[in-house]
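Visitor: Here you go, one structure.
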Amino acid sequence: MLKTLRRIIQEVNAAQDLPEALDIVVHEINEAMGTEACCVYLVDEERGENTLVATEGLNKALIGKVRLKLGEGLIGLVGERAEPINVENASSHPKYVRFPGLGEESLNAFLGVPIIHQRQVLGVLVVFQRESRCFDEAEEAFLVTLSAQLAGTIAHSVAVGAIQDFNRSHGAPLREVILSGITGAPGVAIGTAVVVYPLADLNAVPERRIEIEEIDAEIETLKSALQNARDSIAHLGDNIASAGLPDEERALFDVYLRILNSESLVSEIIQEIRNGQWAQGALKRVTEQHIARFESMDDPYLQERASDFKDLAERVLFHLQAREGGRAPSFPEKTILVGEDVTPASLAEVPEGRLAGVVSARGSTNSHVAILARALGVPTVLGVSGIKVPQLEGEELIVDGYYGQVYRSPSLALRNEFMALMREEQEFDKELEALRDLPGKTLDSYSVGLYVNTGLAPDVGTALSIGAEGVGLYRTEVPFMTRDRFPSEEEQRVIYRQLLQAFSPRPVIMRTLDVGGDKDLPYFPVAEDNPFLGWRGIRVTLDHPEILLVQIRAMLQASVGLDNLQIMFPMVTTVSEVEESLRLLKQAYEETIMEGFAVKMPRIGVMVEVPSAVYQAQVIAKRVDFLSVGSNDLTQYILAVDRNNARVAGLYDSLHPAVLRALMQVVAGAHREGKTVSICGEMAGDPVAVILLLAIGFDTLSMNATRLLRIKWVIRKFTLKRAKQLLEEVLVMDDAIEIRNHMELALEEAGLGGLMRAGR
C-alpha cells in the first residue's frame with residue numbers, strides 16, 4: 001500500500017488543477033481498494049455546505065449539484081466528529097440522506113474519513129461497496145493516510161479560491177474570492193489587474209557548447225547585452241526619480257547598476273564562455289549559482305536578494321536574445337500590477353500616477369519591491385502563492401495591504417465598504433502627518449524613543465520623512481552579500497559614512513556582521529544540519545577577529561566628526577562573548593586612534609535574542625551601555641516555533657505570556673544597572689503590543705518606517721498609568737489569543753480600533 005500511496009500522491013502533485021487531482025484520487029482509490037464507488041466532498045464555507053466535487057462509480061452529472069448542509073447526512077457526521085465513520089449498511093444509519101439519481105442505492109458498506117489540515121476539516125473522502133460489511137483496519141488506515149497526505153494540497157487549493165472557481169464552472173452565481181498573502185506595503189487600493197511577465201525565461205535556456213573561434217564573438221555579445229541592460233535600468237531609475245521620490249529611493253536602481261557593473265560577476269560569466277559555453281548558457285549557470293546561495297540563507301531579508309538577481313539576469317538575457325520590444329501593455333488609470341514575481345523595475349515601467357496597487361505570488365516584506373512600494377505609498381500584497389496569475393488579467397481587484405488580502409470579483413457592497421475605508425485612510429494619513437515632528441509621549445508625559453530598522457539606502461528617505469529619531473537597527477550584512485569577497489575597510493567606511501551623515505545628529509545603531517550558518521556568504525559557505533543553533537552571529541566574528549576588527553575600524557572611521565554611531569553585537573549567549581567582543585572593540589578603537597582618526601568611543605550594546613541572554617540580562621548590562629531585544633528571534637527561540645513553517649506559524653505570537661515575562665526580566669535587569677533597553681522587530685510596530693511595551697519599561701522602540709507614525713499615534717492616546725493597568729490584567733492570562741483579544745478591546749475603547757488593521 002505504501003507504494004500505491006506514493007504513486008497516487010505523485011500523480012496528484014503533477015495534476016494541472018484541483019479537479020484533475022481529485023479525479024485521479026477517486027479513480028486510483030477505487031482501483032487500489034477494489035471498491036464500487038469513491039467520492040470527495042469539499043466544505044464550501046460561504047454556503048455552509050459539503051459539495052460533491054469528484055466521484056468514480058456514481059453519477060458524474062451530479063458533481064457540483066449534490067450539496068449537503070454542514071452536519072447533514074453521514075458526510076456531515078464525518079465532518080462534525082472529525083474522525084472516520086465506518087458502517088456496514090449506510091442506508092440503515094439514522095443520519096443517512098439519499099440523493100436521488102446519484103446511484104448509491106445499491107451500495108451498502110460506507111467508509112468516510114475527514115480531510116483535515118491544521119485542525120480544519122476541509123472535506124470528506126468516501127468509499128462504498130455493495131457487500132454489507134465494515135471495512136477492515138488496513139483499509140481504513142490506508143484511506144486515513146491518503147487523506148492526511150492530500151490535506152496540504154487541498155488546503156492550498158482552497159486558499160486560492162479553488163472552491164469558488166469550481167462553483168463558477170458549475171453554474172453557481174459569481175462570488176468574491178479572497179486571496180491571502182502578506183503585507184508588503186500598507187493601504188487599500190481598487191483597480192484593474194495588469195499581469196506582468198519576465199522579459200525572458202532563464203530556465204528555458206539550453207546548454208550549448210561553442211567552438212574556440214566563437215568565444216570572442218560570444219563575449220562581445222555578452223558585453224553588448226550588459227550595456228543595454230544597464231541603459232534600461234538607468235532609464236527606469238530616472239522614471240522613479242521623476243515620481244518625486246528622494247534620491248535615496250533611486251538607490252535601488254543604483255544597486256542594480258553596481259551588480260551589472262561588477263567586474264567579478266562579468267568575469268565569472270566570461271570564464272564560463274571561455275570554458276566552451278555560449279553566452280546565454282554562461283549567464284544562466286552563473287546566475288543559478290548566485291540565486292542558490294541567496295535562497296539557501298535562512299534570513300528572509302537576504303533570501304529576497306535572489307529575486308533581484310534573477311530579474312537582472314533575465315533583463316540581460318532579453319538583450320542577449322536580441323528580442324524586439326513587444327507591444328507595451330496598456331496601463332489603466334488605476335492599475336493593479338500582478339505577477340509571479342513583481343520586481344522594482346516592473347513598478348518603474350508603469351506611467352506616473354497610474355500605479356494603484358501590487359499583487360505578487362512571491363516576495364516578502366524584505367523584498368526590494370516591498371521597500372519601493374512603501375516609499376511610493378502603493379498598497380502591496382506579496383506571497384500570494386498558488387494564484388493563477390494569467391486568469392487575473394483585466395479583473396477588478398481590491399488590494400488590502402493591511403490584512404495582506406486580495407479580493408477578486410468583489411461584490412458591490414464590499415467595493416463600497418472599501419471605498420469608504422479609502423476615504424477614511426486619506427483623512428487619517430493627514431492626521432498622522434501632523435505627528436511627524438511631535439514626540440512619542442503619552443498623555444501623562446512619559447516619553448519613548450521611536451527609531452527605525454533599516455538595511456538599504458532607500459529606507460533612509462522614508463525614515464526621515466516620517467520623523468524617525470534614529471536608527472535602532474542597521475543590518476550590515478548587505479555589503480558583504482553583494483560581493484564575491486569580504487568588502488575592504490574603505491568600502492565599508494564609505495557605506496557607513498553615508499548612513500551616519502544622512503541621520504546626523506540622530507543616533508545610528510549598527511549591528512556587527514550577523515552571518516554564518518543560516519546566512520551563507522557566497523565566498524564563505526557554512527553547511528550545518530541545524531543552522532538555527534549553529535555557527536552564526538557573534539560566534540562567527542569572534543572565531544574570525546580579523547573580520548570584526550576591520551568592520552569596527554570602518555564604523556569608527558565613518559563616525560569622525562559626526563559622533564552618532566552606536567555599535568551592537570548580535571546573537572550573544574554568554575558573558576564571555578561580551579567580554580571578548582569588547583576587548584576586540586577596544587583594540588580596533590586604539591588602532592584607529594593611532595592611525596590619526598579623531599574618533600570618540602561609541603555607546604556599545606548587546607542584542608538579546610536567545611533565552612540565555614534573558615537570564616543573564618543584568619550581568620550583561622553591567623558590561624555595556626544598552627541592551628536591544630530582537631523580538632522576532634527571541635519569540636521563536638522561547639516558543640520553539642519557526643514562523644516561516646506554515647504548519648506551526650499559527651503558534652508564533654509575541655504576546656505569549658512567556659515572551660512578555662522574558663521581556664520584563666530583560667528590562668528590569670538592565671534598569672537595575674542604569675542602562676537603557678530598546679526593542680526591535682515586528683512587536684515594536686504592533687499597535688496591540690506597543691502599550692504593553694510601554695508598561696514594561698522599554699526606553700526606545702525600533703520598527704519598520706511605515707509603522708512609526710501609527711505607533712506614535714497610539715502612544716499619544718494612552719497614559720502610562722493605563723498601560724501599566726493593562727499589563728497587570730494580561731499577566732494573569734494564560735493564552736496569547738486571550739491577551740491579544742484583551743488588548744484589541746482596549747484599543748477599541750480608546751477609539752483606536754481602526755489601527756488594528758494597520759497592526760496586522
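By convention here, the chains of the C-alpha cells are called A, B, ... in the order presented, each chain's residues are numbered starting at 1, and ligands are numbered starting at 1 in the order presented.
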Which residues, written as an NGL selection string, have at least one atom at most 8 Å from Gly57 (chain A), with only C-alpha atoms counted and residues fewer than 3 positions away on the same chain left out?
Guide: :A and (36-38)
Visitor: When you look at Ala668 (chain A) with a cut-off of 10 Å (counting only C-alpha atoms), what residues show up, excluding the ones that are within fewer than 5 positions of it in the same chain? I need them as a ChimeraX atom specification.
Guide: /A:617-618,662-663,673-675,677,696-698
Visitor: Those residues with N, CA, C and O atoms, as a PDB file, in the first residue's frame please?
Guide:
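Result file follows (result.pdb):
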```pdb
ATOM      1  N   ALA A 617      20.607  39.007  31.637  1.00  0.00           N
ATOM      2  CA  ALA A 617      20.472  40.394  31.177  1.00  0.00           C
ATOM      3  C   ALA A 617      21.199  41.375  32.092  1.00  0.00           C
ATOM      4  O   ALA A 617      21.878  42.291  31.616  1.00  0.00           O
ATOM      5  N   GLN A 618      21.075  41.188  33.392  1.00  0.00           N
ATOM      6  CA  GLN A 618      21.686  42.161  34.310  1.00  0.00           C
ATOM      7  C   GLN A 618      23.206  42.105  34.261  1.00  0.00           C
ATOM      8  O   GLN A 618      23.875  43.145  34.218  1.00  0.00           O
ATOM      9  N   ALA A 662       9.624  37.275  29.770  1.00  0.00           N
ATOM     10  CA  ALA A 662      11.035  37.377  29.392  1.00  0.00           C
ATOM     11  C   ALA A 662      11.419  38.838  29.144  1.00  0.00           C
ATOM     12  O   ALA A 662      12.487  39.294  29.571  1.00  0.00           O
ATOM     13  N   LEU A 663      10.555  39.573  28.467  1.00  0.00           N
ATOM     14  CA  LEU A 663      10.812  40.994  28.206  1.00  0.00           C
ATOM     15  C   LEU A 663      10.902  41.781  29.508  1.00  0.00           C
ATOM     16  O   LEU A 663      11.762  42.660  29.670  1.00  0.00           O
ATOM     17  N   GLU A 673      20.880  48.242  36.442  1.00  0.00           N
ATOM     18  CA  GLU A 673      22.249  48.697  36.208  1.00  0.00           C
ATOM     19  C   GLU A 673      22.291  50.107  35.618  1.00  0.00           C
ATOM     20  O   GLU A 673      23.355  50.592  35.225  1.00  0.00           O
ATOM     21  N   GLY A 674      21.119  50.751  35.525  1.00  0.00           N
ATOM     22  CA  GLY A 674      21.056  52.102  34.995  1.00  0.00           C
ATOM     23  C   GLY A 674      21.264  52.179  33.495  1.00  0.00           C
ATOM     24  O   GLY A 674      21.660  53.228  32.964  1.00  0.00           O
ATOM     25  N   LYS A 675      20.989  51.071  32.773  1.00  0.00           N
ATOM     26  CA  LYS A 675      21.200  51.032  31.337  1.00  0.00           C
ATOM     27  C   LYS A 675      19.860  51.052  30.599  1.00  0.00           C
ATOM     28  O   LYS A 675      18.840  50.586  31.117  1.00  0.00           O
ATOM     29  N   VAL A 677      17.135  50.159  27.454  1.00  0.00           N
ATOM     30  CA  VAL A 677      16.754  48.963  26.706  1.00  0.00           C
ATOM     31  C   VAL A 677      15.857  49.367  25.537  1.00  0.00           C
ATOM     32  O   VAL A 677      14.884  50.102  25.722  1.00  0.00           O
ATOM     33  N   ILE A 696       6.034  47.800  30.288  1.00  0.00           N
ATOM     34  CA  ILE A 696       7.195  47.003  30.696  1.00  0.00           C
ATOM     35  C   ILE A 696       8.397  47.898  30.946  1.00  0.00           C
ATOM     36  O   ILE A 696       9.240  47.587  31.792  1.00  0.00           O
ATOM     37  N   GLY A 697       8.478  49.020  30.228  1.00  0.00           N
ATOM     38  CA  GLY A 697       9.527  49.991  30.505  1.00  0.00           C
ATOM     39  C   GLY A 697      10.583  50.160  29.438  1.00  0.00           C
ATOM     40  O   GLY A 697      11.663  50.691  29.720  1.00  0.00           O
ATOM     41  N   PHE A 698      10.311  49.739  28.204  1.00  0.00           N
ATOM     42  CA  PHE A 698      11.296  49.927  27.137  1.00  0.00           C
ATOM     43  C   PHE A 698      11.523  51.415  26.896  1.00  0.00           C
ATOM     44  O   PHE A 698      10.580  52.212  26.874  1.00  0.00           O
TER      45      PHE A 698
END
```
Visitor: For region 262-268 of chain A, please output as a PDB file with N, CA, C and O atoms, in the first residue's frame all residues within 9 Å (counting only C-alpha atoms; exclusion window: fewer than 2 positions along the same chain).
Guide:
```
ATOM      1  N   LEU A 222      27.841  39.265 -25.051  1.00  0.00           N
ATOM      2  CA  LEU A 222      27.526  39.440 -23.630  1.00  0.00           C
ATOM      3  C   LEU A 222      27.725  40.890 -23.204  1.00  0.00           C
ATOM      4  O   LEU A 222      26.855  41.479 -22.545  1.00  0.00           O
ATOM      5  N   LYS A 223      28.861  41.472 -23.557  1.00  0.00           N
ATOM      6  CA  LYS A 223      29.159  42.849 -23.146  1.00  0.00           C
ATOM      7  C   LYS A 223      28.122  43.829 -23.691  1.00  0.00           C
ATOM      8  O   LYS A 223      27.712  44.774 -23.002  1.00  0.00           O
ATOM      9  N   LEU A 226      24.934  43.406 -21.667  1.00  0.00           N
ATOM     10  CA  LEU A 226      25.093  44.019 -20.344  1.00  0.00           C
ATOM     11  C   LEU A 226      24.918  45.536 -20.431  1.00  0.00           C
ATOM     12  O   LEU A 226      24.253  46.144 -19.581  1.00  0.00           O
ATOM     13  N   LEU A 257      22.647  48.672 -10.885  1.00  0.00           N
ATOM     14  CA  LEU A 257      23.723  49.052 -11.804  1.00  0.00           C
ATOM     15  C   LEU A 257      25.081  48.591 -11.282  1.00  0.00           C
ATOM     16  O   LEU A 257      25.943  48.166 -12.063  1.00  0.00           O
ATOM     17  N   ARG A 258      25.263  48.656  -9.964  1.00  0.00           N
ATOM     18  CA  ARG A 258      26.534  48.195  -9.403  1.00  0.00           C
ATOM     19  C   ARG A 258      26.715  46.693  -9.640  1.00  0.00           C
ATOM     20  O   ARG A 258      27.818  46.220  -9.900  1.00  0.00           O
ATOM     21  N   ILE A 259      25.613  45.945  -9.528  1.00  0.00           N
ATOM     22  CA  ILE A 259      25.702  44.498  -9.780  1.00  0.00           C
ATOM     23  C   ILE A 259      26.071  44.250 -11.241  1.00  0.00           C
ATOM     24  O   ILE A 259      26.943  43.430 -11.545  1.00  0.00           O
ATOM     25  N   LEU A 260      25.404  44.975 -12.149  1.00  0.00           N
ATOM     26  CA  LEU A 260      25.687  44.782 -13.575  1.00  0.00           C
ATOM     27  C   LEU A 260      27.101  45.250 -13.935  1.00  0.00           C
ATOM     28  O   LEU A 260      27.678  44.785 -14.921  1.00  0.00           O
ATOM     29  N   ILE A 270      32.200  35.378 -18.213  1.00  0.00           N
ATOM     30  CA  ILE A 270      33.176  35.250 -19.304  1.00  0.00           C
ATOM     31  C   ILE A 270      33.984  33.959 -19.162  1.00  0.00           C
ATOM     32  O   ILE A 270      34.287  33.287 -20.154  1.00  0.00           O
ATOM     33  N   GLN A 271      34.298  33.583 -17.929  1.00  0.00           N
ATOM     34  CA  GLN A 271      35.051  32.351 -17.715  1.00  0.00           C
ATOM     35  C   GLN A 271      34.250  31.140 -18.190  1.00  0.00           C
ATOM     36  O   GLN A 271      34.800  30.204 -18.775  1.00  0.00           O
ATOM     37  N   GLU A 272      32.943  31.170 -17.938  1.00  0.00           N
ATOM     38  CA  GLU A 272      32.089  30.076 -18.420  1.00  0.00           C
ATOM     39  C   GLU A 272      32.098  30.019 -19.951  1.00  0.00           C
ATOM     40  O   GLU A 272      32.089  28.941 -20.548  1.00  0.00           O
ATOM     41  N   ILE A 273      32.118  31.202 -20.576  1.00  0.00           N
ATOM     42  CA  ILE A 273      32.178  31.242 -22.044  1.00  0.00           C
ATOM     43  C   ILE A 273      33.509  30.665 -22.529  1.00  0.00           C
ATOM     44  O   ILE A 273      33.557  29.871 -23.473  1.00  0.00           O
ATOM     45  N   ALA A 282      26.102  30.532 -20.237  1.00  0.00           N
ATOM     46  CA  ALA A 282      27.039  31.008 -19.221  1.00  0.00           C
ATOM     47  C   ALA A 282      26.329  31.911 -18.219  1.00  0.00           C
ATOM     48  O   ALA A 282      26.534  31.807 -17.002  1.00  0.00           O
ATOM     49  N   LEU A 283      25.490  32.810 -18.737  1.00  0.00           N
ATOM     50  CA  LEU A 283      24.709  33.686 -17.857  1.00  0.00           C
ATOM     51  C   LEU A 283      23.810  32.862 -16.946  1.00  0.00           C
ATOM     52  O   LEU A 283      23.712  33.126 -15.734  1.00  0.00           O
ATOM     53  N   VAL A 286      25.944  30.982 -14.073  1.00  0.00           N
ATOM     54  CA  VAL A 286      26.434  31.868 -13.017  1.00  0.00           C
ATOM     55  C   VAL A 286      25.274  32.398 -12.181  1.00  0.00           C
ATOM     56  O   VAL A 286      25.351  32.474 -10.953  1.00  0.00           O
ATOM     57  N   ARG A 483      29.059  41.068  -2.826  1.00  0.00           N
ATOM     58  CA  ARG A 483      30.415  40.938  -3.346  1.00  0.00           C
ATOM     59  C   ARG A 483      30.842  39.478  -3.377  1.00  0.00           C
ATOM     60  O   ARG A 483      30.224  38.634  -2.748  1.00  0.00           O
ATOM     61  N   ASP A 484      31.941  39.233  -4.097  1.00  0.00           N
ATOM     62  CA  ASP A 484      32.476  37.877  -4.137  1.00  0.00           C
ATOM     63  C   ASP A 484      33.669  37.729  -3.192  1.00  0.00           C
ATOM     64  O   ASP A 484      34.463  36.800  -3.301  1.00  0.00           O
TER      65      ASP A 484
END
```
Visitor: Write down as a PyMOL selection string the residues belonging to region 194-234 of chain A that are assigned alpha helix (DSSP H) by DSSP computed on the backbone.
Guide: chain A and resi 215-234
Visitor: What does the distance from CA of Glu729 (chain A) to CA of Gln665 (chain A) come to in Å, to one decimal?
Guide: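 Distance between the two atoms: 17.8 Å.
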Visitor: Considering only C-alpha atoms, state which residue in the set A:Leu435, A:Val316, A:Leu708, A:Ala649 is at the smallest distance from Pro198 (chain A).
Guide: A:Val316
Visitor: What does the distance from CA of Pro487 (chain A) to CA of Asn530 (chain A) come to in Å, to one decimal?
Guide: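 Rounded to one decimal, the two atoms are 27.6 Å apart.
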Visitor: Find, counting only C-alpha atoms, the residue in A:Val610, A:Ala746, A:Met510, A:Ala598 that gets nearest to Ile567 (chain A).
Guide: A:Met510
Visitor: Write out as a PyMOL selection string the set of residues from region 562-695 of chain A that DSSP, computed on the backbone, places in strand (DSSP E or B).
Guide: chain A and resi 565-569+603-608+626-630+676-680
Visitor: Tell me which of A:Val526, A:Ala373, A:Leu694, A:Ile387 sits closest to Thr706 (chain A), counting only C-alpha atoms.
Guide: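 Closest residue, counting only C-alpha atoms: A:Ala373.
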Visitor: Calculated over only C-alpha atoms, which of the candidates A:Thr380, A:Ser224, A:Ser232, A:Thr335 has the smallest distance to Val196 (chain A)?
Guide: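 Of A:Thr380, A:Ser224, A:Ser232, A:Thr335, the one nearest Val196 (chain A), counting only C-alpha atoms, is A:Thr335.
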Visitor: Name all residues at most 12 Å from Asp136 (chain A) (count only C-alpha atoms; drop same-chain ones fewer than 5 positions away) and give them as number ranges by chain.
Guide: A: 33, 86-88, 109-111, 141-143
Visitor: Using N, CA and C atoms, can you write the selected residues to a file as a PDB file, in the first residue's frame?
Guide:
```pdb
ATOM      1  N   MET A  33      -8.440  -0.156  -3.759  1.00  0.00           N
ATOM      2  CA  MET A  33      -9.219  -0.797  -2.703  1.00  0.00           C
ATOM      3  C   MET A  33     -10.267  -1.765  -3.235  1.00  0.00           C
ATOM      4  N   ASN A  86     -17.305   4.287   9.841  1.00  0.00           N
ATOM      5  CA  ASN A  86     -17.239   3.013   9.116  1.00  0.00           C
ATOM      6  C   ASN A  86     -18.493   2.212   9.475  1.00  0.00           C
ATOM      7  N   VAL A  87     -19.465   2.125   8.529  1.00  0.00           N
ATOM      8  CA  VAL A  87     -20.720   1.442   8.834  1.00  0.00           C
ATOM      9  C   VAL A  87     -20.979   0.331   7.814  1.00  0.00           C
ATOM     10  N   GLU A  88     -21.632  -0.724   8.295  1.00  0.00           N
ATOM     11  CA  GLU A  88     -21.886  -1.914   7.485  1.00  0.00           C
ATOM     12  C   GLU A  88     -22.957  -1.674   6.433  1.00  0.00           C
ATOM     13  N   ALA A 109     -21.849  -0.869   2.223  1.00  0.00           N
ATOM     14  CA  ALA A 109     -20.711  -0.528   3.085  1.00  0.00           C
ATOM     15  C   ALA A 109     -20.265   0.913   2.825  1.00  0.00           C
ATOM     16  N   PHE A 110     -20.037   1.653   3.899  1.00  0.00           N
ATOM     17  CA  PHE A 110     -19.666   3.072   3.806  1.00  0.00           C
ATOM     18  C   PHE A 110     -18.457   3.322   4.714  1.00  0.00           C
ATOM     19  N   LEU A 111     -17.432   3.950   4.154  1.00  0.00           N
ATOM     20  CA  LEU A 111     -16.285   4.405   4.950  1.00  0.00           C
ATOM     21  C   LEU A 111     -15.965   5.835   4.544  1.00  0.00           C
ATOM     22  N   ALA A 141      -7.037   2.418   7.552  1.00  0.00           N
ATOM     23  CA  ALA A 141      -5.740   3.086   7.747  1.00  0.00           C
ATOM     24  C   ALA A 141      -5.210   3.646   6.431  1.00  0.00           C
ATOM     25  N   PHE A 142      -5.412   2.895   5.336  1.00  0.00           N
ATOM     26  CA  PHE A 142      -4.966   3.362   4.026  1.00  0.00           C
ATOM     27  C   PHE A 142      -5.663   4.667   3.649  1.00  0.00           C
ATOM     28  N   LEU A 143      -6.984   4.703   3.839  1.00  0.00           N
ATOM     29  CA  LEU A 143      -7.746   5.890   3.459  1.00  0.00           C
ATOM     30  C   LEU A 143      -7.394   7.082   4.351  1.00  0.00           C
TER      31      LEU A 143
END
```
Visitor: What is the CA of Phe309 (chain A)-CA of Gly353 (chain A) distance in Å, reported with one decimal?
Guide: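 Separation between CA of Phe309 (chain A) and CA of Gly353 (chain A): 27.6 Å.
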